[in-house]
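The file my_file34.cif comes next; it holds mmCIF, C-alpha atoms.
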```
data_entry
#
loop_
_atom_site.label_atom_id
_atom_site.label_comp_id
_atom_site.auth_asym_id
_atom_site.auth_seq_id
_atom_site.Cartn_x
_atom_site.Cartn_y
_atom_site.Cartn_z
CA MET A 10 -36.50 -6.31 61.11
CA LYS A 11 -39.33 -5.63 58.73
CA VAL A 12 -37.45 -2.62 57.32
CA ILE A 13 -34.31 -4.70 56.62
CA ARG A 14 -36.34 -7.45 54.98
CA GLY A 15 -38.06 -4.87 52.80
CA ALA A 16 -34.70 -3.41 51.76
CA VAL A 17 -33.25 -6.84 50.91
CA ASP A 18 -36.34 -7.69 48.84
CA GLU A 19 -35.98 -4.40 47.02
CA MET A 20 -32.30 -5.05 46.28
CA TRP A 21 -33.08 -8.55 45.15
CA SER A 22 -35.71 -7.38 42.72
CA VAL A 23 -33.35 -4.74 41.29
CA MET A 24 -30.67 -7.41 40.83
CA GLU A 25 -33.19 -9.68 39.17
CA GLN A 26 -34.23 -6.93 36.81
CA MET A 27 -30.63 -6.17 35.92
CA VAL A 28 -29.76 -9.80 35.24
CA GLY A 29 -33.05 -10.29 33.42
CA SER A 30 -32.36 -7.31 31.17
CA ILE A 31 -29.10 -8.91 30.06
CA PHE A 32 -30.13 -12.60 29.92
CA ARG A 33 -33.65 -12.24 28.59
CA HIS A 34 -34.61 -15.81 27.88
CA GLY A 35 -33.03 -17.86 30.63
CA LEU A 36 -30.93 -20.92 29.92
CA PRO A 37 -31.42 -22.25 26.35
CA LEU A 38 -32.74 -25.60 27.50
CA THR A 39 -35.10 -26.13 24.57
CA ASP A 40 -34.63 -25.49 20.84
CA LYS A 41 -37.27 -22.79 21.01
CA ILE A 42 -35.49 -20.80 23.72
CA ALA A 43 -32.14 -21.30 21.97
CA ALA A 44 -33.57 -19.97 18.71
CA ARG A 45 -35.12 -16.96 20.43
CA THR A 46 -31.84 -16.21 22.25
CA ALA A 47 -29.84 -16.28 19.02
CA LEU A 48 -32.42 -14.14 17.25
CA THR A 49 -32.56 -11.35 19.86
CA ASN A 50 -28.89 -11.16 20.84
CA PHE A 51 -26.69 -8.70 18.97
CA VAL A 52 -23.54 -10.81 19.14
CA LEU A 53 -25.28 -14.09 18.33
CA HIS A 54 -27.49 -12.71 15.57
CA ILE A 55 -24.50 -12.82 13.18
CA HIS A 56 -24.88 -16.57 13.39
CA PRO A 57 -27.94 -18.18 11.77
CA VAL A 58 -30.49 -19.58 14.18
CA ARG A 59 -30.24 -22.98 12.54
CA VAL A 60 -27.32 -24.36 10.56
CA ARG A 61 -27.33 -27.72 8.85
CA ARG A 62 -24.25 -29.76 9.53
CA SER A 63 -23.68 -30.27 5.79
CA TRP A 64 -23.63 -26.52 5.09
CA ILE A 65 -20.50 -25.88 7.10
CA ARG A 66 -18.77 -29.22 6.59
CA MET A 67 -15.08 -28.63 7.22
CA SER A 68 -14.06 -30.52 4.09
CA TYR A 69 -16.24 -28.13 2.07
CA THR A 70 -15.56 -24.64 3.45
CA LEU A 71 -12.14 -25.35 5.01
CA CYS A 72 -13.33 -22.53 7.30
CA LEU A 73 -11.27 -20.12 5.21
CA GLY A 74 -13.62 -17.13 5.47
CA GLY A 75 -13.90 -17.62 9.22
CA LEU A 76 -10.13 -17.93 9.52
CA SER A 77 -9.67 -14.70 7.55
CA PHE A 78 -12.06 -12.89 9.90
CA PHE A 79 -10.34 -14.38 12.94
CA LEU A 80 -6.97 -13.16 11.65
CA PHE A 81 -8.46 -9.72 11.02
CA ILE A 82 -9.46 -9.59 14.69
CA VAL A 83 -5.97 -10.75 15.76
CA LEU A 84 -4.47 -8.02 13.56
CA THR A 85 -6.77 -5.34 14.95
CA VAL A 86 -5.94 -6.21 18.57
CA THR A 87 -2.17 -6.64 18.09
CA GLY A 88 -2.11 -3.52 15.88
CA LEU A 89 -3.71 -1.55 18.71
CA TYR A 90 -0.94 -2.73 21.06
CA LEU A 91 1.76 -1.73 18.56
CA MET A 92 0.30 1.77 18.21
CA PHE A 93 1.17 2.52 21.84
CA TYR A 94 4.88 2.57 20.96
CA TYR A 95 5.08 3.36 17.24
CA VAL A 96 5.50 6.94 15.96
CA PRO A 97 5.08 7.30 12.16
CA SER A 98 7.99 9.63 11.50
CA ILE A 99 11.27 8.85 9.74
CA ASN A 100 13.21 9.89 12.85
CA HIS A 101 11.36 7.47 15.13
CA ALA A 102 9.79 4.64 13.15
CA TYR A 103 12.76 2.29 12.84
CA GLN A 104 13.91 2.83 16.42
CA ASP A 105 10.36 2.28 17.70
CA MET A 106 10.12 -0.96 15.73
CA ARG A 107 13.46 -2.12 17.23
CA ASP A 108 12.24 -1.16 20.71
CA LEU A 109 9.06 -3.12 20.21
CA GLN A 110 11.10 -6.10 19.11
CA PHE A 111 13.77 -6.05 21.81
CA VAL A 112 12.85 -3.75 24.70
CA VAL A 113 9.09 -3.73 25.29
CA THR A 114 7.73 -6.59 27.43
CA PHE A 115 6.13 -9.11 25.07
CA GLY A 116 6.71 -6.55 22.28
CA GLY A 117 8.44 -9.13 20.11
CA LEU A 118 5.53 -11.51 20.55
CA ILE A 119 2.95 -8.87 19.63
CA ARG A 120 4.93 -7.65 16.62
CA ASN A 121 5.49 -11.17 15.35
CA MET A 122 1.83 -12.05 15.87
CA HIS A 123 0.92 -8.99 13.80
CA ARG A 124 3.44 -9.87 11.11
CA TRP A 125 2.60 -13.56 10.81
CA ALA A 126 -1.15 -13.00 11.07
CA ALA A 127 -0.82 -10.49 8.22
CA HIS A 128 1.00 -13.00 6.02
CA ALA A 129 -1.51 -15.68 6.98
CA MET A 130 -4.51 -13.46 6.24
CA VAL A 131 -3.31 -12.78 2.70
CA ILE A 132 -3.01 -16.54 2.21
CA THR A 133 -6.40 -17.43 3.75
CA VAL A 134 -8.22 -14.70 1.82
CA TRP A 135 -6.75 -15.94 -1.47
CA LEU A 136 -7.59 -19.55 -0.62
CA HIS A 137 -11.11 -18.51 0.45
CA MET A 138 -11.58 -16.90 -2.94
CA ALA A 139 -10.21 -20.00 -4.67
CA ARG A 140 -12.55 -22.26 -2.68
CA VAL A 141 -15.60 -20.12 -3.50
CA PHE A 142 -14.58 -20.17 -7.16
CA LEU A 143 -13.92 -23.89 -7.34
CA THR A 144 -17.21 -24.83 -5.64
CA GLY A 145 -19.09 -22.42 -7.91
CA SER A 146 -20.42 -20.57 -4.87
CA TYR A 147 -20.10 -17.22 -6.63
CA LYS A 148 -23.04 -18.02 -8.92
CA LYS A 149 -26.54 -16.62 -8.63
CA PRO A 150 -27.79 -15.49 -6.11
CA ARG A 151 -24.34 -14.80 -4.66
CA GLU A 152 -22.82 -12.65 -7.46
CA PHE A 153 -23.13 -9.50 -5.37
CA ASN A 154 -21.30 -11.03 -2.42
CA TRP A 155 -18.57 -12.26 -4.78
CA GLY A 156 -18.13 -8.63 -5.82
CA VAL A 157 -17.92 -7.48 -2.20
CA GLY A 158 -15.40 -10.29 -1.63
CA THR A 159 -13.13 -9.08 -4.42
CA LEU A 160 -13.12 -5.62 -2.80
CA LEU A 161 -12.21 -7.24 0.53
CA LEU A 162 -9.34 -9.04 -1.19
CA LEU A 163 -8.16 -5.68 -2.54
CA ILE A 164 -8.40 -4.10 0.93
CA THR A 165 -6.40 -7.02 2.38
CA LEU A 166 -3.63 -6.54 -0.18
CA LEU A 167 -3.56 -2.77 0.33
CA LEU A 168 -3.34 -3.27 4.10
CA SER A 169 -0.45 -5.62 3.51
CA PHE A 170 1.27 -3.11 1.21
CA THR A 171 0.81 -0.10 3.51
CA GLY A 172 1.97 -2.09 6.56
CA TYR A 173 5.13 -3.11 4.73
CA LEU A 174 6.49 0.46 4.82
CA LEU A 175 6.02 1.02 8.55
CA PRO A 176 9.19 -0.70 9.95
CA TRP A 177 11.12 1.86 7.84
CA ASP A 178 14.04 -0.41 7.06
CA GLN A 179 15.79 -0.77 3.69
CA LEU A 180 13.38 -3.50 2.59
CA SER A 181 10.37 -1.28 3.37
CA ILE A 182 11.66 1.80 1.62
CA TRP A 183 12.74 0.10 -1.59
CA ALA A 184 9.71 -2.18 -1.73
CA VAL A 185 7.45 0.87 -1.64
CA THR A 186 9.70 2.65 -4.15
CA VAL A 187 9.23 -0.32 -6.47
CA GLY A 188 5.49 -0.61 -5.74
CA THR A 189 4.74 3.05 -6.38
CA ASN A 190 6.88 3.01 -9.53
CA MET A 191 4.72 0.17 -10.78
CA ALA A 192 1.68 2.40 -10.19
CA LYS A 193 3.49 5.08 -12.21
CA TYR A 194 3.48 2.82 -15.28
CA ALA A 195 -0.34 3.10 -15.44
CA PRO A 196 -1.44 5.14 -18.47
CA ILE A 197 -2.27 8.85 -18.05
CA ALA A 198 -3.00 8.88 -14.30
CA GLY A 199 0.14 6.90 -13.38
CA PRO A 200 2.62 9.65 -12.39
CA TYR A 201 -0.08 11.67 -10.59
CA THR A 202 -1.21 8.58 -8.68
CA ARG A 203 2.36 8.01 -7.56
CA TYR A 204 2.63 11.63 -6.42
CA LEU A 205 -0.55 11.25 -4.35
CA MET A 206 0.64 7.96 -2.85
CA LEU A 207 4.06 9.33 -1.89
CA GLY A 208 2.98 12.86 -0.97
CA GLY A 209 6.09 13.92 -2.89
CA HIS A 210 8.58 12.65 -5.45
CA ALA A 211 10.37 10.04 -3.36
CA VAL A 212 9.54 7.84 -0.37
CA GLY A 213 9.86 10.12 2.66
CA ASP A 214 8.21 11.49 5.79
CA ALA A 215 4.97 12.36 3.99
CA THR A 216 4.77 8.85 2.55
CA LEU A 217 5.24 7.21 5.93
CA LEU A 218 2.46 9.28 7.49
CA ARG A 219 0.09 8.63 4.60
CA PHE A 220 0.68 4.90 4.64
CA TYR A 221 0.29 4.84 8.43
CA VAL A 222 -3.04 6.67 8.36
CA MET A 223 -4.40 4.39 5.64
CA HIS A 224 -3.02 1.31 7.44
CA VAL A 225 -4.45 1.98 10.89
CA VAL A 226 -7.68 3.85 10.11
CA GLY A 227 -8.69 4.24 6.47
CA LEU A 228 -8.40 0.73 5.10
CA PRO A 229 -9.53 -1.16 8.26
CA LEU A 230 -12.63 1.06 8.39
CA ILE A 231 -13.53 0.38 4.76
CA GLY A 232 -12.72 -3.29 5.29
CA PHE A 233 -14.92 -3.49 8.37
CA LEU A 234 -17.90 -1.92 6.58
CA LEU A 235 -17.45 -4.29 3.65
CA MET A 236 -17.21 -7.24 6.06
CA VAL A 237 -20.51 -6.22 7.65
CA VAL A 238 -22.15 -6.31 4.22
CA HIS A 239 -20.31 -9.52 3.30
CA PHE A 240 -21.51 -11.43 6.38
CA TRP A 241 -25.03 -10.01 6.13
CA ARG A 242 -25.20 -11.21 2.51
CA VAL A 243 -24.03 -14.68 3.58
CA ARG A 244 -26.98 -14.76 5.97
CA LYS A 245 -29.45 -13.53 3.34
CA ASP A 246 -28.23 -15.71 0.48
CA GLY A 247 -27.76 -18.75 2.67
CA PHE A 248 -24.84 -21.14 2.66
CA SER A 249 -24.02 -22.71 -0.66
CA GLY A 250 -23.74 -25.95 1.24
CA GLY A 251 -21.69 -29.06 0.86
CA LEU A 252 -22.98 -31.82 -1.40
CA MET B 22 -37.75 10.75 -7.85
CA ALA B 23 -37.35 8.27 -10.71
CA ALA B 24 -41.09 8.35 -11.34
CA ASP B 25 -41.03 12.16 -11.30
CA PHE B 26 -38.25 12.19 -13.83
CA LYS B 27 -39.95 9.62 -16.10
CA ARG B 28 -43.15 11.62 -16.16
CA PHE B 29 -41.19 14.77 -16.93
CA MET B 30 -39.44 13.07 -19.87
CA GLU B 31 -42.81 11.99 -21.27
CA ASP B 32 -44.39 15.42 -20.99
CA SER B 33 -42.60 18.42 -19.54
CA ARG B 34 -45.91 20.18 -18.77
CA GLU B 35 -46.77 17.33 -16.41
CA MET B 36 -44.18 18.30 -13.84
CA SER B 37 -45.54 19.26 -10.47
CA ARG B 38 -43.84 21.69 -8.13
CA ARG B 39 -43.00 18.76 -5.83
CA SER B 40 -41.32 16.84 -8.67
CA PHE B 41 -39.35 19.87 -9.76
CA LEU B 42 -38.01 20.44 -6.25
CA ALA B 43 -37.17 16.75 -5.86
CA ILE B 44 -35.20 16.70 -9.11
CA ALA B 45 -33.50 20.01 -8.34
CA GLY B 46 -32.55 18.70 -4.89
CA TRP B 47 -31.01 15.50 -6.23
CA VAL B 48 -29.12 17.33 -8.96
CA GLY B 49 -27.77 19.76 -6.38
CA PHE B 50 -26.76 16.91 -4.07
CA THR B 51 -24.98 15.06 -6.91
CA VAL B 52 -23.08 18.14 -8.06
CA ALA B 53 -22.06 19.02 -4.50
CA SER B 54 -20.85 15.45 -3.90
CA ALA B 55 -18.83 15.47 -7.12
CA ILE B 56 -17.17 18.76 -6.16
CA ALA B 57 -16.45 17.45 -2.66
CA LEU B 58 -14.84 14.33 -4.13
CA PHE B 59 -12.73 16.40 -6.51
CA GLN B 60 -11.61 18.72 -3.70
CA SER B 61 -10.79 15.72 -1.51
CA VAL B 62 -8.31 14.53 -4.14
CA LYS B 63 -6.88 18.05 -4.31
CA PHE B 64 -6.61 18.04 -0.53
CA ILE B 65 -4.32 15.01 -0.38
CA GLN B 66 -2.17 16.44 -3.18
CA PRO B 67 0.62 18.38 -1.42
CA ASN B 68 1.04 21.93 -2.71
CA ALA B 69 4.45 22.18 -1.08
CA THR B 70 6.85 19.36 -0.29
CA TYR B 71 9.81 19.76 2.01
CA GLU B 72 12.00 17.41 0.06
CA ASP B 73 15.62 17.88 -0.92
CA PRO B 74 15.63 20.47 -3.76
CA PRO B 75 16.57 19.02 -7.17
CA ALA B 76 19.31 21.63 -7.80
CA PHE B 77 22.47 21.61 -5.70
CA LYS B 78 26.22 22.20 -5.60
CA PRO B 79 28.37 19.32 -4.42
CA VAL B 80 29.91 20.06 -1.03
CA GLY B 81 33.62 20.41 -0.26
CA ASP B 82 36.26 19.21 -2.71
CA LEU B 83 33.63 17.75 -5.00
CA ALA B 84 32.48 21.27 -5.95
CA ILE B 85 35.77 22.06 -7.74
CA PRO B 86 36.04 20.67 -11.31
CA THR B 87 39.84 20.30 -11.19
CA ASN B 88 39.50 17.74 -8.40
CA TYR B 89 37.98 15.28 -10.87
CA ALA B 90 40.47 13.16 -12.81
CA VAL B 91 39.75 12.49 -16.48
CA GLY B 92 38.05 9.11 -16.72
CA SER B 93 36.81 9.24 -13.13
CA THR B 94 33.37 8.23 -11.83
CA THR B 95 32.17 9.92 -8.64
CA VAL B 96 29.03 8.84 -6.81
CA ILE B 97 27.26 11.39 -4.59
CA ILE B 98 25.02 8.86 -2.91
CA ASP B 99 22.83 11.12 -0.73
CA LYS B 100 21.89 13.10 -3.86
CA ARG B 101 21.60 9.97 -6.00
CA VAL B 102 23.84 11.53 -8.66
CA VAL B 103 26.98 10.38 -10.47
CA ILE B 104 29.52 12.80 -11.94
CA ASN B 105 31.65 11.40 -14.76
CA ARG B 106 34.58 13.19 -16.31
CA ASP B 107 35.80 12.08 -19.71
CA THR B 108 38.25 13.60 -22.18
CA ASP B 109 35.44 15.67 -23.73
CA GLY B 110 34.04 17.02 -20.45
CA PHE B 111 31.71 16.42 -17.51
CA TYR B 112 28.29 14.81 -17.43
CA ALA B 113 25.96 13.92 -14.56
CA ILE B 114 23.80 10.82 -14.22
CA SER B 115 20.64 10.53 -12.15
CA LEU B 116 21.33 7.37 -10.15
CA ILE B 117 17.77 6.04 -10.36
CA CYS B 118 17.21 2.66 -11.98
CA THR B 119 14.94 3.00 -15.01
CA HIS B 120 13.22 -0.26 -14.15
CA LEU B 121 11.47 0.53 -10.84
CA GLY B 122 13.43 3.34 -9.22
CA CYS B 123 15.96 1.76 -6.85
CA THR B 124 19.50 3.11 -6.50
CA PRO B 125 22.15 1.18 -8.49
CA ARG B 126 25.53 0.83 -6.83
CA TYR B 127 28.94 1.39 -8.37
CA PHE B 128 31.22 -1.62 -8.85
CA PRO B 129 34.64 -1.67 -10.51
CA ASP B 130 33.61 -4.90 -12.23
CA VAL B 131 30.08 -5.51 -13.52
CA THR B 132 30.87 -7.71 -16.50
CA SER B 133 33.36 -10.50 -15.74
CA ASP B 134 30.87 -12.94 -14.17
CA LEU B 135 28.58 -12.61 -17.20
CA VAL B 136 31.46 -12.95 -19.68
CA ASN B 137 32.77 -16.01 -17.86
CA ALA B 138 29.28 -17.53 -17.91
CA GLY B 139 29.23 -17.02 -21.69
CA THR B 140 26.74 -14.15 -21.87
CA GLN B 141 27.19 -11.86 -24.86
CA ILE B 142 27.70 -8.28 -23.70
CA SER B 143 27.04 -5.60 -26.28
CA LYS B 144 29.60 -2.96 -27.02
CA ASP B 145 29.49 0.19 -24.99
CA PRO B 146 28.97 2.84 -27.73
CA ASP B 147 30.65 5.69 -25.89
CA THR B 148 33.81 4.13 -24.60
CA GLY B 149 34.01 1.66 -27.47
CA GLN B 150 34.98 -0.97 -24.94
CA LEU B 151 33.94 -4.56 -25.26
CA ALA B 152 34.00 -7.05 -22.43
CA THR B 153 35.67 -10.17 -23.81
CA ARG B 154 37.14 -13.29 -22.32
CA ALA B 155 40.57 -11.75 -22.74
CA ASN B 156 39.53 -8.50 -21.08
CA PRO B 157 36.32 -9.24 -19.11
CA ILE B 158 36.30 -6.42 -16.55
CA LEU B 159 34.37 -3.18 -17.06
CA PRO B 160 33.21 -0.80 -14.30
CA GLY B 161 29.57 0.18 -13.93
CA PHE B 162 26.45 -0.02 -11.81
CA LYS B 163 24.33 -2.88 -10.50
CA CYS B 164 20.82 -2.37 -9.14
CA PRO B 165 20.19 -4.30 -5.90
CA CYS B 166 16.43 -4.70 -6.49
CA HIS B 167 16.18 -6.74 -9.70
CA GLY B 168 19.77 -6.96 -10.94
CA SER B 169 19.80 -4.44 -13.80
CA ARG B 170 23.30 -3.51 -14.87
CA TYR B 171 24.63 -0.35 -16.46
CA PHE B 172 27.97 0.61 -17.92
CA ARG B 173 29.85 3.47 -16.31
CA ASP B 174 28.15 5.91 -18.73
CA ALA B 175 24.63 4.83 -17.58
CA ASP B 176 23.81 2.66 -20.61
CA ASN B 177 21.90 -0.46 -19.57
CA PHE B 178 23.18 -3.81 -20.82
CA PHE B 179 21.66 -6.49 -18.60
CA GLY B 180 18.53 -7.16 -16.54
CA PRO B 181 15.04 -5.66 -16.73
CA ALA B 182 16.02 -1.96 -17.09
CA PRO B 183 14.30 -0.69 -20.27
CA ARG B 184 16.61 2.27 -21.04
CA PRO B 185 19.76 4.06 -19.86
CA MET B 186 19.65 6.09 -16.67
CA ASP B 187 18.81 9.76 -17.22
CA ARG B 188 21.58 12.30 -17.78
CA VAL B 189 20.87 15.49 -15.86
CA HIS B 190 21.94 19.09 -16.23
CA ILE B 191 25.41 20.07 -14.98
CA GLU B 192 26.99 23.48 -15.36
CA LEU B 193 29.69 25.69 -13.91
CA ALA B 194 28.30 28.32 -11.53
CA LYS B 195 29.71 31.85 -11.47
CA ASP B 196 31.75 31.01 -8.39
CA GLY B 197 33.57 28.28 -10.32
CA LYS B 198 31.75 25.44 -8.60
CA LEU B 199 29.82 22.63 -10.24
CA PHE B 200 26.06 23.06 -10.25
CA ILE B 201 23.68 20.18 -10.89
CA ASP B 202 19.93 20.30 -11.51
CA ARG B 203 18.33 16.86 -11.24
CA SER B 204 14.98 18.10 -12.51
CA ILE B 205 16.39 18.82 -15.99
CA VAL B 206 17.03 15.75 -18.12
CA VAL B 207 19.59 16.41 -20.86
CA ASP B 208 20.61 14.72 -24.07
CA HIS B 209 22.94 11.74 -24.18
CA HIS B 210 25.63 13.85 -25.88
CA TYR B 211 25.54 16.77 -23.44
CA ARG B 212 28.94 17.61 -21.97
CA LEU B 213 30.16 20.35 -19.67
CA LYS B 214 33.51 21.54 -20.97
CA VAL B 215 35.77 23.14 -18.37
#
```
Can the structure from this file be put into structure tokens for me?
Amino acid sequence: MKVIRGAVDEMWSVMEQMVGSIFRHGLPLTDKIAARTALTNFVLHIHPVRVRRSWIRMSYTLCLGGLSFFLFIVLTVTGLYLMFYYVPSINHAYQDMRDLQFVVTFGGLIRNMHRWAAHAMVITVWLHMARVFLTGSYKKPREFNWGVGTLLLLITLLLSFTGYLLPWDQLSIWAVTVGTNMAKYAPIAGPYTRYLMLGGHAVGDATLLRFYVMHVVGLPLIGFLLMVVHFWRVRKDGFSGGL
Amino acid sequence: MAADFKRFMEDSREMSRRSFLAIAGWVGFTVASAIALFQSVKFIQPNATYEDPPAFKPVGDLAIPTNYAVGSTTVIIDKRVVINRDTDGFYAISLICTHLGCTPRYFPDVTSDLVNAGTQISKDPDTGQLATRANPILPGFKCPCHGSRYFRDADNFFGPAPRPMDRVHIELAKDGKLFIDRSIVVDHHYRLKV
């Protein structure tokens, strides 16, 4: 009996230690505990310990930056699902896209979520930029973060452009033909830039692979790193705050 | 590093061994990074592409010049080339819109809707034809992307296209077949006489 009791006590203390190592501060019943929890938790530390209601007033921020980030997460998750079926080769791409749309269980839903979230993200990022401009929130001390934001806008547009080729239908092919020909009009480096973008002289297999790699790895990675800096700067510079 | 460099600029005799190594290290790092960046660009530049070669002979009946009627326009769509035969000979057109690179499509009538809407259409210098209300129909090409229009001889007359489509090299091979090289752009007056 004594042995069993000892074993149960031992198990209990191990459990307690495990739970205690995850939830370090107990329930946030007081402001002090809540602040300490937010400060020491990796997920919560993105959020400031204290936020004034006026700083994040909906009528001021319209939550556009948050919406953009939310859509980025939606796009990352749905994009991961799509990658299970999509092969970036001119012999497979269009058929795979059709399969996703019409054969795969919930494939149409996932593809449409990806498509509409992508359109929406371009809109919210532009509006976010417009809001920051119109409220003068780009001014000192936030000039640096405005610069990071313009790069994030560029990444968003490039993600949109590279994703446009992937269904490999007529619209994709000719849109990228037009887009890369516009790049060709740039002085001096134009034709060479187009050659690098296409991996050849016309939109083809090499182009599809290039755009795919940039779409699913290259650009999201750069975008993620810039977002880390962007959010960190928001924390350091503080909210510009509603009036 | 910056302090080392500043002191060195003020008096070169002041440089310590530590400063020298620091500067040498940073210079080496910068040069190596620049070379790596340059080579990275070279890496994504394909040295060989497995695209359709620019030079080709049309397949089947289209290879034989006598199969082309005088005044005919023949589109070889998978090569994006047009072969025209006029009284003074053959010429080939690269079927790539000079605006932003889409493929214009052949239509027997590219002018009547414009003429009927009252748009002035300039005279085609080669054929000497003029689309008028009395005779509004001329054949040619329309680009599906932004609506540029070309006469049958590749001269642009409507839409955003800035110049005529390129004429490309066409010759008669030793075996009597037509031979076209899309990589060689030729003069507007070039003709292959058969």
Might you pull out every residue within 12 Å of Glu192 in chain B, with only C-alpha atoms counted and same-chain residues fewer than 3 positions away left off, and present them as a list of chain:residue names? B:Ala76, B:Phe77, B:Lys78, B:Pro79, B:Ala84, B:Ile85, B:Pro86, B:Ile104, B:Gly110, B:Phe111, B:Tyr112, B:Ala113, B:Val189, B:Lys195, B:Asp196, B:Gly197, B:Lys198, B:Leu199, B:Phe200, B:Ile201, B:Asp202, B:Arg203, B:Ile205, B:Val207, B:Tyr211, B:Arg212, B:Leu213, B:Lys214, B:Val215
Hey, could you make a per-residue contact list for chain B against chain A with 12 Å as the cut-off, showing the nearest pair of atoms and its distance in Å to one decimal, counting only C-alpha atoms, sorted by chain and number, as a Markdown table?
```
| residue | atom | partner | partner_atom | distance |
| --- | --- | --- | --- | --- |
| B:Ser61 | CA | A:Leu205 | CA | 11.5 |
| B:Val62 | CA | A:Leu205 | CA | 8.4 |
| B:Lys63 | CA | A:Leu205 | CA | 9.3 |
| B:Phe64 | CA | A:Leu205 | CA | 9.9 |
| B:Ile65 | CA | A:Leu205 | CA | 6.6 |
| B:Gln66 | CA | A:Leu205 | CA | 5.6 |
| B:Pro67 | CA | A:Gly208 | CA | 6.0 |
| B:Asn68 | CA | A:Gly208 | CA | 9.4 |
| B:Ala69 | CA | A:Gly209 | CA | 8.6 |
| B:Thr70 | CA | A:Gly209 | CA | 6.1 |
| B:Tyr71 | CA | A:Gly209 | CA | 8.5 |
| B:Glu72 | CA | A:Gly209 | CA | 7.5 |
| B:Asp73 | CA | A:Ala211 | CA | 9.7 |
| B:Pro74 | CA | A:His210 | CA | 10.7 |
| B:Pro75 | CA | A:His210 | CA | 10.4 |
| B:Lys100 | CA | A:Ala211 | CA | 11.9 |
| B:Arg101 | CA | A:Ala211 | CA | 11.5 |
| B:Ile117 | CA | A:Thr186 | CA | 10.7 |
| B:Cys118 | CA | A:Val187 | CA | 10.1 |
| B:Thr119 | CA | A:Asn190 | CA | 9.7 |
| B:His120 | CA | A:Asn190 | CA | 8.5 |
| B:Leu121 | CA | A:Val187 | CA | 5.0 |
| B:Gly122 | CA | A:Val187 | CA | 6.2 |
| B:Cys123 | CA | A:Trp183 | CA | 6.4 |
| B:Thr124 | CA | A:Trp183 | CA | 8.9 |
| B:Pro125 | CA | A:Trp183 | CA | 11.7 |
| B:Cys164 | CA | A:Trp183 | CA | 11.3 |
| B:Pro165 | CA | A:Trp183 | CA | 9.7 |
| B:Cys166 | CA | A:Trp183 | CA | 7.8 |
| B:His167 | CA | A:Val187 | CA | 10.0 |
| B:Ser204 | CA | A:His210 | CA | 11.0 |
```
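All polymer residues at most 12 Å from (-0.5, -2.9, 22.0), using only C-alpha atoms, appear as Val83, Leu84, Thr85, Val86, Thr87, Gly88, Leu89, Tyr90, Leu91, Met92, Phe93, Tyr94, Tyr95, Leu109, Val113, Thr114, Phe115, Gly116, Gly117, Leu118, Ile119, Arg120, Met122 and His123 of chain A.
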C-alpha atoms of the current selection, written as a PDB file, in the coordinates of the input:
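again-v3.pdb, freshly written:
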```pdb
ATOM      1  CA  VAL A  83      -5.970 -10.750  15.760  1.00  0.00           C
ATOM      2  CA  LEU A  84      -4.470  -8.020  13.560  1.00  0.00           C
ATOM      3  CA  THR A  85      -6.770  -5.340  14.950  1.00  0.00           C
ATOM      4  CA  VAL A  86      -5.940  -6.210  18.570  1.00  0.00           C
ATOM      5  CA  THR A  87      -2.170  -6.640  18.090  1.00  0.00           C
ATOM      6  CA  GLY A  88      -2.110  -3.520  15.880  1.00  0.00           C
ATOM      7  CA  LEU A  89      -3.710  -1.550  18.710  1.00  0.00           C
ATOM      8  CA  TYR A  90      -0.940  -2.730  21.060  1.00  0.00           C
ATOM      9  CA  LEU A  91       1.760  -1.730  18.560  1.00  0.00           C
ATOM     10  CA  MET A  92       0.300   1.770  18.210  1.00  0.00           C
ATOM     11  CA  PHE A  93       1.170   2.520  21.840  1.00  0.00           C
ATOM     12  CA  TYR A  94       4.880   2.570  20.960  1.00  0.00           C
ATOM     13  CA  TYR A  95       5.080   3.360  17.240  1.00  0.00           C
ATOM     14  CA  LEU A 109       9.060  -3.120  20.210  1.00  0.00           C
ATOM     15  CA  VAL A 113       9.090  -3.730  25.290  1.00  0.00           C
ATOM     16  CA  THR A 114       7.730  -6.590  27.430  1.00  0.00           C
ATOM     17  CA  PHE A 115       6.130  -9.110  25.070  1.00  0.00           C
ATOM     18  CA  GLY A 116       6.710  -6.550  22.280  1.00  0.00           C
ATOM     19  CA  GLY A 117       8.440  -9.130  20.110  1.00  0.00           C
ATOM     20  CA  LEU A 118       5.530 -11.510  20.550  1.00  0.00           C
ATOM     21  CA  ILE A 119       2.950  -8.870  19.630  1.00  0.00           C
ATOM     22  CA  ARG A 120       4.930  -7.650  16.620  1.00  0.00           C
ATOM     23  CA  MET A 122       1.830 -12.050  15.870  1.00  0.00           C
ATOM     24  CA  HIS A 123       0.920  -8.990  13.800  1.00  0.00           C
TER      25      HIS A 123
END
```
Would you mind reading off the distance between CA of Ile99 in chain A and CA of Arg203 in chain A, one decimal, in Å?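 Taking CA of Ile99 in chain A as the start and CA of Arg203 in chain A as the end point, the length is 19.5 Å.
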Residues selected by the PyMOL selection byres ((chain A and resi 164-177) around 8), written as a PyMOL selection string: chain A and resi 97+99+102-103+106+127-128+130-131+134+160-163+178-182+184-185+217+220-221+223-224+228-229+231-232
Between CA of Ser249 in chain A and CA of Ala43 in chain A, distance in Å (one decimal): 24.1 Å
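Excluding Phe32 in chain A and any residue on its chain fewer than 4 positions from it, the residues at most 10 Å away by all atoms listed in the file are A:Gln26, A:Met27, A:Val28, A:Leu36, A:Thr46, A:Asn50.
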Report, in Å with one decimal, the straight-line distance from CA of Gly250 in chain A to CA of Pro37 in chain A.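 Between CA of Gly250 in chain A and CA of Pro37 in chain A the gap is 26.5 Å.
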